[in-house]
Each structure stands twice: as structure tokens, then as C-alpha cells.
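J.: My structure is stored as structure.txt, with compact mmCIF, C-alpha atoms.
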# COMPACT_ATOMS: atom_id res chain seq x y z
CA MET A 1397 -79.13 25.35 -3.76
CA MET A 1398 -78.69 28.56 -1.88
CA ILE A 1399 -77.06 31.43 -3.71
CA GLU A 1400 -75.35 32.77 -0.67
CA ARG A 1401 -75.66 31.78 2.90
CA ASN A 1402 -75.29 34.43 5.49
CA ARG A 1403 -72.77 33.54 8.09
CA THR A 1404 -74.46 32.95 11.36
CA THR A 1405 -72.76 33.54 14.61
CA ASP A 1406 -72.71 29.90 15.67
CA GLN A 1407 -70.57 28.85 12.71
CA LEU A 1408 -66.94 28.45 13.57
CA THR A 1409 -64.45 30.30 11.42
CA THR A 1410 -60.68 30.39 11.64
CA ALA A 1411 -60.96 34.04 12.70
CA ASP A 1412 -63.20 33.05 15.60
CA PHE A 1413 -60.77 30.36 16.50
CA ALA A 1414 -57.90 32.82 16.62
CA ASP A 1415 -59.97 35.18 18.76
CA ARG A 1416 -60.92 32.45 21.16
CA THR A 1417 -57.45 31.03 21.66
CA PRO A 1418 -56.73 31.69 25.31
CA VAL A 1419 -53.44 33.31 26.21
CA PRO A 1420 -51.79 31.19 28.87
CA GLU A 1421 -51.80 32.83 32.25
CA GLN A 1422 -48.52 33.54 33.97
CA SER A 1423 -49.32 31.06 36.75
CA GLU A 1424 -49.76 28.28 34.21
CA ILE A 1425 -46.45 29.05 32.58
CA SER A 1426 -44.60 29.09 35.87
CA SER A 1427 -46.26 25.84 36.87
CA TRP A 1428 -44.84 24.24 33.73
CA GLN A 1429 -41.45 25.76 34.48
CA GLN A 1430 -41.57 24.33 37.98
CA GLU A 1431 -42.38 20.90 36.64
CA SER A 1432 -39.52 21.04 34.21
CA GLU A 1433 -37.19 21.95 37.05
CA GLN A 1434 -37.85 18.55 38.51
CA TYR A 1435 -35.71 17.18 35.72
CA PRO A 1436 -32.49 19.18 35.77
CA ARG A 1437 -29.58 18.17 33.63
CA GLY A 1438 -27.66 15.35 35.18
CA ASP A 1439 -30.77 13.92 36.74
CA ARG A 1440 -30.94 10.27 35.97
CA ARG A 1441 -34.42 10.53 34.56
CA PHE A 1442 -33.29 13.29 32.23
CA GLU A 1443 -30.58 10.99 30.97
CA GLU A 1444 -33.13 8.28 30.47
CA LEU A 1445 -35.15 10.65 28.40
CA THR A 1446 -32.34 11.71 26.12
CA ALA A 1447 -30.89 8.24 25.95
CA THR A 1448 -34.15 6.78 24.74
CA PRO A 1449 -33.37 5.49 21.27
CA ALA A 1450 -36.56 6.65 19.65
CA LEU A 1451 -36.19 9.75 17.60
CA VAL A 1452 -34.53 12.03 20.06
CA ARG A 1453 -31.22 12.79 18.41
CA ASP A 1454 -31.27 11.72 14.81
CA GLU A 1455 -34.70 12.89 13.94
CA ALA A 1456 -35.39 15.58 16.47
CA LEU A 1457 -37.39 18.29 14.74
CA ASP A 1458 -36.57 16.92 11.37
CA VAL A 1459 -39.35 18.97 9.85
CA SER A 1460 -38.32 17.96 6.35
CA SER A 1461 -39.56 14.44 6.89
CA SER A 1462 -42.96 14.09 5.35
CA ASP A 1463 -44.37 11.62 7.82
CA TYR A 1464 -43.26 11.39 11.37
CA ARG A 1465 -45.13 8.23 12.09
CA ALA A 1466 -43.51 6.45 9.18
CA GLN A 1467 -40.09 7.24 10.55
CA ASP A 1468 -40.87 6.51 14.16
CA LYS A 1469 -38.85 3.54 15.35
CA ASN A 1470 -41.63 2.73 17.78
CA PRO A 1471 -44.89 3.72 16.13
CA ALA A 1472 -47.05 2.52 19.02
CA THR A 1473 -45.88 5.43 21.14
CA VAL A 1474 -47.26 8.09 18.83
CA THR A 1475 -51.01 8.34 18.81
CA PRO A 1476 -52.53 9.69 15.60
CA LEU A 1477 -53.67 13.29 15.86
CA PHE A 1478 -57.16 12.33 14.70
CA SER A 1479 -59.13 9.13 14.95
CA GLU A 1480 -59.79 7.18 11.77
CA ASN A 1481 -63.44 8.19 11.95
CA GLU A 1482 -62.59 11.85 12.28
CA ILE A 1483 -60.18 11.65 9.37
CA GLY A 1484 -62.72 9.88 7.20
CA ASP A 1485 -65.42 12.36 8.14
CA MET A 1486 -63.27 15.40 7.49
CA ARG A 1487 -61.89 14.05 4.22
CA SER A 1488 -65.37 13.41 2.93
CA ARG A 1489 -66.51 16.86 4.01
CA TRP A 1490 -63.52 18.36 2.21
CA ASN A 1491 -64.27 16.43 -0.96
CA ASN A 1492 -67.83 17.72 -0.96
CA ILE A 1493 -66.68 21.29 -0.44
CA GLN A 1494 -64.19 21.04 -3.28
CA ALA A 1495 -66.67 19.44 -5.67
CA GLU A 1496 -69.22 22.17 -4.96
CA PHE A 1497 -66.83 25.02 -5.68
CA VAL A 1498 -68.01 25.10 -9.28
CA ASP A 1499 -71.57 25.83 -8.16
CA GLU A 1500 -70.98 28.11 -5.19
CA PRO A 1501 -67.40 29.38 -5.05
CA ARG A 1502 -67.92 31.79 -2.19
CA GLN A 1503 -69.88 29.37 -0.06
CA SER A 1504 -67.29 26.71 -0.81
CA VAL A 1505 -64.51 28.90 0.58
CA GLN A 1506 -66.56 29.74 3.66
CA GLN A 1507 -67.21 26.07 4.31
CA ALA A 1508 -63.53 25.28 3.82
CA ASP A 1509 -62.72 27.85 6.48
CA GLN A 1510 -65.25 26.31 8.84
CA LEU A 1511 -63.84 22.86 8.25
CA VAL A 1512 -60.27 24.00 8.87
CA ALA A 1513 -61.44 25.79 12.01
CA THR A 1514 -63.17 22.63 13.18
CA ALA A 1515 -60.03 20.59 12.60
CA MET A 1516 -57.93 23.15 14.49
CA GLN A 1517 -60.39 23.15 17.34
CA ARG A 1518 -60.42 19.36 17.58
CA LEU A 1519 -56.64 19.27 17.58
CA ALA A 1520 -56.46 21.93 20.28
CA GLU A 1521 -59.06 20.08 22.34
CA GLY A 1522 -57.08 16.87 22.03
CA PHE A 1523 -53.89 18.50 23.26
CA ALA A 1524 -55.73 20.37 25.99
CA ARG A 1525 -57.22 17.10 27.24
CA GLU A 1526 -53.85 15.45 27.27
CA ARG A 1527 -52.25 18.32 29.13
CA ALA A 1528 -55.13 18.43 31.61
CA SER A 1529 -54.69 14.75 32.27
CA LEU A 1530 -50.97 15.20 32.89
CA GLU A 1531 -51.64 18.13 35.20
CA GLN A 1532 -54.25 16.15 37.07
CA GLN A 1533 -51.68 13.48 37.75
CA TRP A 1534 -49.22 16.07 39.01
CA ASP A 1535 -51.85 17.75 41.20
CA SER A 1536 -52.91 14.48 42.78
CA GLY A 1537 -49.29 13.82 43.72
CA ASP A 1538 -48.94 10.84 41.39
CA SER A 1539 -45.59 10.83 39.76
CA VAL A 1540 -45.80 11.24 36.03
CA SER A 1541 -43.50 8.80 34.41
CA THR A 1542 -40.77 9.98 32.13
CA GLU A 1543 -42.21 7.65 29.56
CA ASP A 1544 -45.55 9.52 29.67
CA LEU A 1545 -43.73 12.80 29.24
CA ARG A 1546 -41.65 11.41 26.42
CA VAL A 1547 -44.76 10.29 24.59
CA ALA A 1548 -46.42 13.62 25.24
CA LEU A 1549 -43.44 15.47 23.84
CA GLN A 1550 -43.42 13.24 20.80
CA ARG A 1551 -47.02 14.10 20.17
CA TYR A 1552 -46.28 17.78 20.40
CA ARG A 1553 -43.35 17.36 18.07
CA ALA A 1554 -45.41 15.42 15.57
CA PHE A 1555 -48.01 18.15 15.61
CA PHE A 1556 -45.41 20.90 15.42
CA GLY A 1557 -43.57 19.17 12.61
CA ARG A 1558 -46.74 18.81 10.59
CA LEU A 1559 -47.60 22.45 11.09
CA LEU A 1560 -44.21 23.51 9.76
CA ASN A 1561 -44.35 20.92 7.05
CA ALA A 1562 -47.85 21.67 5.88
CA ALA A 1563 -48.08 21.93 2.13
CA MET N 164 -88.50 28.72 -32.73
CA ARG N 165 -85.07 29.41 -31.39
CA ARG N 166 -83.74 26.44 -33.34
CA TYR N 167 -85.25 27.80 -36.48
CA ASP N 168 -83.85 31.26 -35.82
CA ARG N 169 -80.36 29.99 -35.27
CA THR N 170 -80.50 27.74 -38.30
CA ALA N 171 -81.94 30.52 -40.43
CA ARG N 172 -79.09 32.72 -39.32
CA GLU N 173 -76.56 30.05 -40.23
CA VAL N 174 -77.85 28.78 -43.57
CA GLY N 175 -80.36 31.42 -44.59
CA PRO N 176 -84.16 31.34 -44.18
CA GLN N 177 -84.71 29.52 -47.49
CA ARG N 178 -82.74 26.46 -46.41
CA ALA N 179 -83.48 26.50 -42.67
CA ASP N 180 -86.48 24.16 -42.79
CA ALA N 181 -84.69 21.70 -45.01
CA VAL N 182 -81.62 21.68 -42.77
CA LEU N 183 -83.71 21.08 -39.66
CA LEU N 184 -85.57 18.24 -41.33
CA GLU N 185 -82.29 16.74 -42.45
CA ARG N 186 -80.97 16.87 -38.88
CA GLU N 187 -84.06 15.12 -37.56
CA LYS N 188 -83.79 12.38 -40.16
CA ARG N 189 -80.13 11.86 -39.32
CA VAL N 190 -80.87 11.52 -35.62
CA GLU N 191 -83.74 9.12 -36.27
CA ARG N 192 -81.20 6.66 -37.62
CA PHE N 193 -79.21 6.65 -34.37
CA HIS N 194 -79.69 3.84 -31.92
CA ILE N 195 -80.07 5.91 -28.77
CA ARG N 196 -80.04 3.70 -25.70
CA GLU N 197 -80.47 4.01 -21.95
CA LEU N 198 -77.48 3.60 -19.70
CA ALA N 199 -77.23 0.71 -17.28
CA ALA N 200 -77.32 1.71 -13.63
CA ASP N 201 -73.62 1.00 -13.08
CA GLU N 202 -72.67 2.92 -16.24
CA ARG N 203 -74.61 5.89 -15.03
CA GLU N 204 -73.02 5.72 -11.59
CA GLN N 205 -69.60 5.69 -13.19
CA PHE N 206 -70.43 8.77 -15.24
CA VAL N 207 -71.78 10.57 -12.18
CA SER N 208 -68.63 9.75 -10.27
CA ASP N 209 -66.39 10.81 -13.20
CA TRP N 210 -68.24 14.09 -13.39
CA ARG N 211 -67.69 14.68 -9.73
CA MET N 212 -63.95 14.21 -10.29
CA VAL N 213 -64.06 16.80 -13.05
CA GLN N 214 -65.75 19.29 -10.73
CA SER N 215 -63.23 18.60 -7.99
CA ARG N 216 -60.34 19.02 -10.40
CA PHE N 217 -61.53 22.53 -11.23
CA VAL N 218 -60.07 23.89 -7.99
CA ASP N 219 -56.54 22.83 -8.98
CA ASP N 220 -56.76 23.02 -12.75
CA PRO N 221 -59.72 24.96 -14.20
CA GLN N 222 -58.58 24.58 -17.79
CA GLY N 223 -57.93 20.86 -17.44
CA ALA N 224 -61.35 20.43 -15.85
CA VAL N 225 -63.05 22.14 -18.81
CA VAL N 226 -61.16 19.94 -21.27
CA GLU N 227 -62.16 16.86 -19.27
CA ALA N 228 -65.76 18.01 -19.07
CA ASP N 229 -65.85 18.23 -22.86
CA VAL N 230 -64.27 14.79 -23.21
CA LEU N 231 -66.68 13.33 -20.67
CA VAL N 232 -69.71 14.78 -22.45
CA ASN N 233 -68.44 13.22 -25.69
CA ARG N 234 -67.95 9.89 -24.00
CA LEU N 235 -71.45 10.04 -22.59
CA MET N 236 -72.88 10.89 -26.02
CA VAL N 237 -71.10 7.92 -27.57
CA ALA N 238 -72.27 5.68 -24.71
CA ARG N 239 -75.84 6.80 -25.39
CA GLY N 240 -75.47 5.89 -29.06
CA TYR N 241 -74.59 9.14 -30.79
CA PRO N 242 -71.95 8.72 -33.49
CA MET N 243 -68.50 10.19 -33.07
CA SER N 244 -68.26 13.44 -34.96
CA GLN N 245 -66.91 16.98 -34.95
CA PHE N 246 -68.30 19.52 -32.55
CA ASP N 247 -70.63 21.26 -35.05
CA GLN N 248 -72.22 17.96 -36.00
CA ARG N 249 -72.56 16.93 -32.35
CA ALA N 250 -74.24 20.21 -31.51
CA ALA N 251 -76.58 19.78 -34.48
CA ASP N 252 -77.52 16.29 -33.25
CA ILE N 253 -78.06 17.55 -29.74
CA SER N 254 -80.23 20.38 -31.04
CA VAL N 255 -82.69 17.72 -32.19
CA THR N 256 -82.73 15.56 -29.06
CA HIS N 257 -82.02 18.12 -26.32
CA PRO N 258 -83.00 21.52 -27.72
CA ARG N 259 -83.26 22.99 -24.25
CA VAL N 260 -79.54 22.70 -23.50
CA VAL N 261 -77.86 22.83 -26.89
CA ASP N 262 -77.18 26.54 -26.50
CA ASN N 263 -75.43 25.82 -23.21
CA TYR N 264 -73.33 23.21 -24.97
CA ARG N 265 -72.33 25.71 -27.65
CA ALA N 266 -71.59 28.34 -25.01
CA ALA N 267 -69.34 25.94 -23.12
CA HIS N 268 -67.49 25.04 -26.29
CA LEU N 269 -67.07 28.71 -27.15
CA ILE N 270 -65.55 29.42 -23.74
CA ALA N 271 -63.10 26.55 -24.23
CA LEU N 272 -62.08 28.01 -27.59
CA ARG N 273 -61.78 31.50 -26.16
CA HIS N 274 -59.65 30.16 -23.34
CA ALA N 275 -57.29 28.59 -25.86
CA GLN N 276 -56.72 32.12 -27.15
CA GLY N 277 -56.19 33.45 -23.65
CA GLN N 278 -59.54 35.22 -23.62
CA ALA N 279 -61.39 33.42 -20.85
CA ASN N 280 -60.93 33.92 -17.12
CA THR N 281 -61.58 31.53 -14.27
CA GLU N 282 -65.17 32.63 -13.87
CA ASP N 283 -65.78 31.95 -17.59
CA LEU N 284 -64.30 28.49 -17.17
CA ARG N 285 -66.51 27.87 -14.14
CA ASN N 286 -69.54 28.76 -16.25
CA ALA N 287 -68.31 26.43 -18.98
CA ILE N 288 -68.37 23.55 -16.49
CA ILE N 289 -71.92 24.42 -15.47
CA TYR N 290 -73.01 24.68 -19.13
CA TYR N 291 -71.46 21.34 -19.97
CA ARG N 292 -73.21 19.85 -16.98
CA SER N 293 -76.64 20.93 -18.15
CA LEU N 294 -76.20 18.72 -21.22
CA PHE N 295 -74.43 16.03 -19.24
CA ASP N 296 -77.37 15.81 -16.84
CA GLU N 297 -79.91 15.59 -19.62
CA LEU N 298 -77.93 12.86 -21.33
CA LEU N 299 -77.81 11.00 -18.03
CA GLN N 300 -81.54 11.48 -17.70
CA THR N 301 -81.37 11.79 -13.99
CA GLY N 302 -84.65 12.33 -12.24
CA ALA N 303 -83.73 15.70 -10.81
CA PRO N 304 -81.49 17.60 -13.19
CA HIS N 305 -79.42 20.50 -11.99
CA HIS N 306 -80.78 23.92 -12.60
CA THR N 307 -79.81 24.87 -16.12
CA ARG N 308 -78.70 28.31 -16.96
CA GLU N 309 -80.00 29.73 -20.20
CA VAL N 310 -77.49 31.48 -22.35
CA ALA N 311 -78.69 34.72 -23.85
Please express the file's structure as C-alpha cells.
T.:
Amino acid sequence: MMIERNRTTDQLTTADFADRTPVPEQSEISSWQQESEQYPRGDRRFEELTATPALVRDEALDVSSSDYRAQDKNPATVTPLFSENEIGDMRSRWNNIQAEFVDEPRQSVQQADQLVATAMQRLAEGFARERASLEQQWDSGDSVSTEDLRVALQRYRAFFGRLLNAA
Amino acid sequence: MRRYDRTAREVGPQRADAVLLEREKRVERFHIRELAADEREQFVSDWRMVQSRFVDDPQGAVVEADVLVNRLMVARGYPMSQFDQRAADISVTHPRVVDNYRAAHLIALRHAQGQANTEDLRNAIIYYRSLFDELLQTGAPHHTREVA
């Protein structure tokens, strides 16, 4: 077993991840603002959105709940943040890292950082893909259904809630 | 030679040879046996849990490591006994790692008096493991660390 592995530049760390996080450009922000203006208060679709029974009022941003999916009245609408395979893979990598702490504490911490960075990157990629797909629909003139937006918002809320809730 | 030196230090040079011979005779009466494959797997998996526990509870992990080594000794056919007797038995069958075993035990005792830090406890786990691995008789034992 190696005593200490030098960090090579191609290994992801949380610091790299923070450095690489792109700051949204002003044009992107305004494009989102424009889209949201399509649903002003009083608009029927806005009412549909808020009147949807799932989650919106009672449990909105209830960050004290330990598991959003468990409380979701309609679990099918909330896609898990990671696939089962990804979860299994990352859990097993974590278990290895933790078990090897006794032998190589420093390396263990470095690997934990890499794993966390990988998880953050995968999450960000997943959300970026989803947003890109929504934007593609808007750009091609297809109307994005309120239901799609509702589900998208739920996913963001689930992610946000877990971030705030993280133990 | 190291065994003799230690024993001579403990009981005096006149009695050292007799004590060592006595230890060997005692161990010859044990019925040391091999572990079945599934037993060994269970021990390997239990050890892994101990190592994982260290991150949350270093002291608890050291206590468990000691308990697990005892369990493994009993499973291999060593009689239940106090630490000094166990170490004496091990000095006959696994002289290469008995000093590690004593060092680990010492760290556990020192920790009970608030005199061992996390790094000491980490070393205790690694010392216990050197004996654990030999008792498991795995093909490729972990690197053992000699205690000065």
C-alpha cells in the first residue's frame, strides 16, 4: 500500500469543483426571468400550479423532514437524485475509504474529498441536463407544460432540502 | 532470542529457560484447529467493521479489536484466559507478532488512563491486526509493524 499518493491534477477535489462552478451569465438569468413572466399571478396555469395538491403548501420547504420522497403524496413525480447503481457504487466506495482510514488516514481523507466532489459533479450534471432539456423545449417553441415545471421545481426543492438537511 | 530476553527480564535469567519450556508444554496440550472458510470470512468481515468503526469511535474500535482477537483465539482452540496468559501462549505460537499484541494492549490500558491519543489508538488497531491476520492464516498477511 502506498504511504502517500501525490495528488495529480486529473483527480477531482471539492476545491476544483468550487473553482469550476460557472457563474451564470446575465443573459441566462434574464432568460429565466422572462420565462417566469409567462406565468404571472392570476394566470390560470399559475393557479393550477399552486392548487396542485402535492406538497406545495403544507410541506413547501419543510427542510426538517428527513426524507422528502417518503412524504411525497405522489412519489412517482420525484425522480431520485442518483440512480440505484450510482448509489450502490458510491456507498461501496465510501465504505472502502472509511475502512482504510486506519491504514492511511491522510489518503483516506483525500479520497473522501474526491468522492464527495464526484457526487457533487454528478448531481450538478443531472440538474444541468434537466435544465438544458427544458430550455431546448422553450427554444424550439414547444410549450413546456406546467406539470413538467412542477416536477422540475420539486426536484430542485428535494435537492435543496437535502442540502440544508444534510447531517 | 527476543523471547528469551523478555522472559529473562520478567522472571530472571535463572528461571527464563524453565518458564519458556513450561509455556511450550502448555501450548502443546491445546487443540489448535483451522477455521472453516465461512468462519474465516465472518472474521474478516467483522474485522472490517471494526476498522470502519474507528472513524466514529476510535476507543470503541480498539475495545472491539481486542474482543475480536480473543474470539478468534478461542475459535482457533486457545483456552480463555487473562491477557498475560494469552500473550504467553501467543509468544509460543506466533512469536513474530506477540510484541505487537502486547503493544496494542498497552495502548488500550494507557487510553483508559487518558494517556493515549487518536494516533496511538490507530496504531493499536494495526498492532492487533498483525496478530489477527496471523491467527487467520491468510495467504497474504498485512505488513506488520515491529514494535521497538
J.: Taking all atoms listed in the file into account and nothing else, which residues of chain A lie no more than 6 Å away from chain N? Please answer as a list in words.
T.: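 The complete set of qualifying residues is Gln1494, Ala1495 and Val1498 of chain A.
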J.: Could you write out the selected residues, including C-alpha atoms, as a PDB file, in the frame of the given file?
T.:
ATOM      1  CA  GLN A1494     -64.190  21.040  -3.280  1.00  0.00           C
ATOM      2  CA  ALA A1495     -66.670  19.440  -5.670  1.00  0.00           C
ATOM      3  CA  VAL A1498     -68.010  25.100  -9.280  1.00  0.00           C
TER       4      VAL A1498
END
J.: I'd like the interatomic distance between atom CA of N:Gln276 and atom CA of N:Val174, to a tenth of an Å.
T.: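 A separation of 27.0 Å between them.
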J.: Find the spatial neighbours of stretch 255-258 of chain N, counting all atoms listed in the file, within a cut-off of 9 Å - ignore same-chain residues fewer than 2 positions away - and output them as an MDAnalysis selection string.
T.: chainID N and resid 165:166 183 186:187 190 250:253 260:262 294 297:298
J.: Could you write out that same residue set with C-alpha atoms as a PDB file, in the coordinates of the input?
T.:
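Wrote it out as again-v9.pdb, contents follow:
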ATOM      1  CA  ARG N 165     -85.070  29.410 -31.390  1.00  0.00           C
ATOM      2  CA  ARG N 166     -83.740  26.440 -33.340  1.00  0.00           C
ATOM      3  CA  LEU N 183     -83.710  21.080 -39.660  1.00  0.00           C
ATOM      4  CA  ARG N 186     -80.970  16.870 -38.880  1.00  0.00           C
ATOM      5  CA  GLU N 187     -84.060  15.120 -37.560  1.00  0.00           C
ATOM      6  CA  VAL N 190     -80.870  11.520 -35.620  1.00  0.00           C
ATOM      7  CA  ALA N 250     -74.240  20.210 -31.510  1.00  0.00           C
ATOM      8  CA  ALA N 251     -76.580  19.780 -34.480  1.00  0.00           C
ATOM      9  CA  ASP N 252     -77.520  16.290 -33.250  1.00  0.00           C
ATOM     10  CA  ILE N 253     -78.060  17.550 -29.740  1.00  0.00           C
ATOM     11  CA  VAL N 260     -79.540  22.700 -23.500  1.00  0.00           C
ATOM     12  CA  VAL N 261     -77.860  22.830 -26.890  1.00  0.00           C
ATOM     13  CA  ASP N 262     -77.180  26.540 -26.500  1.00  0.00           C
ATOM     14  CA  LEU N 294     -76.200  18.720 -21.220  1.00  0.00           C
ATOM     15  CA  GLU N 297     -79.910  15.590 -19.620  1.00  0.00           C
ATOM     16  CA  LEU N 298     -77.930  12.860 -21.330  1.00  0.00           C
TER      17      LEU N 298
END
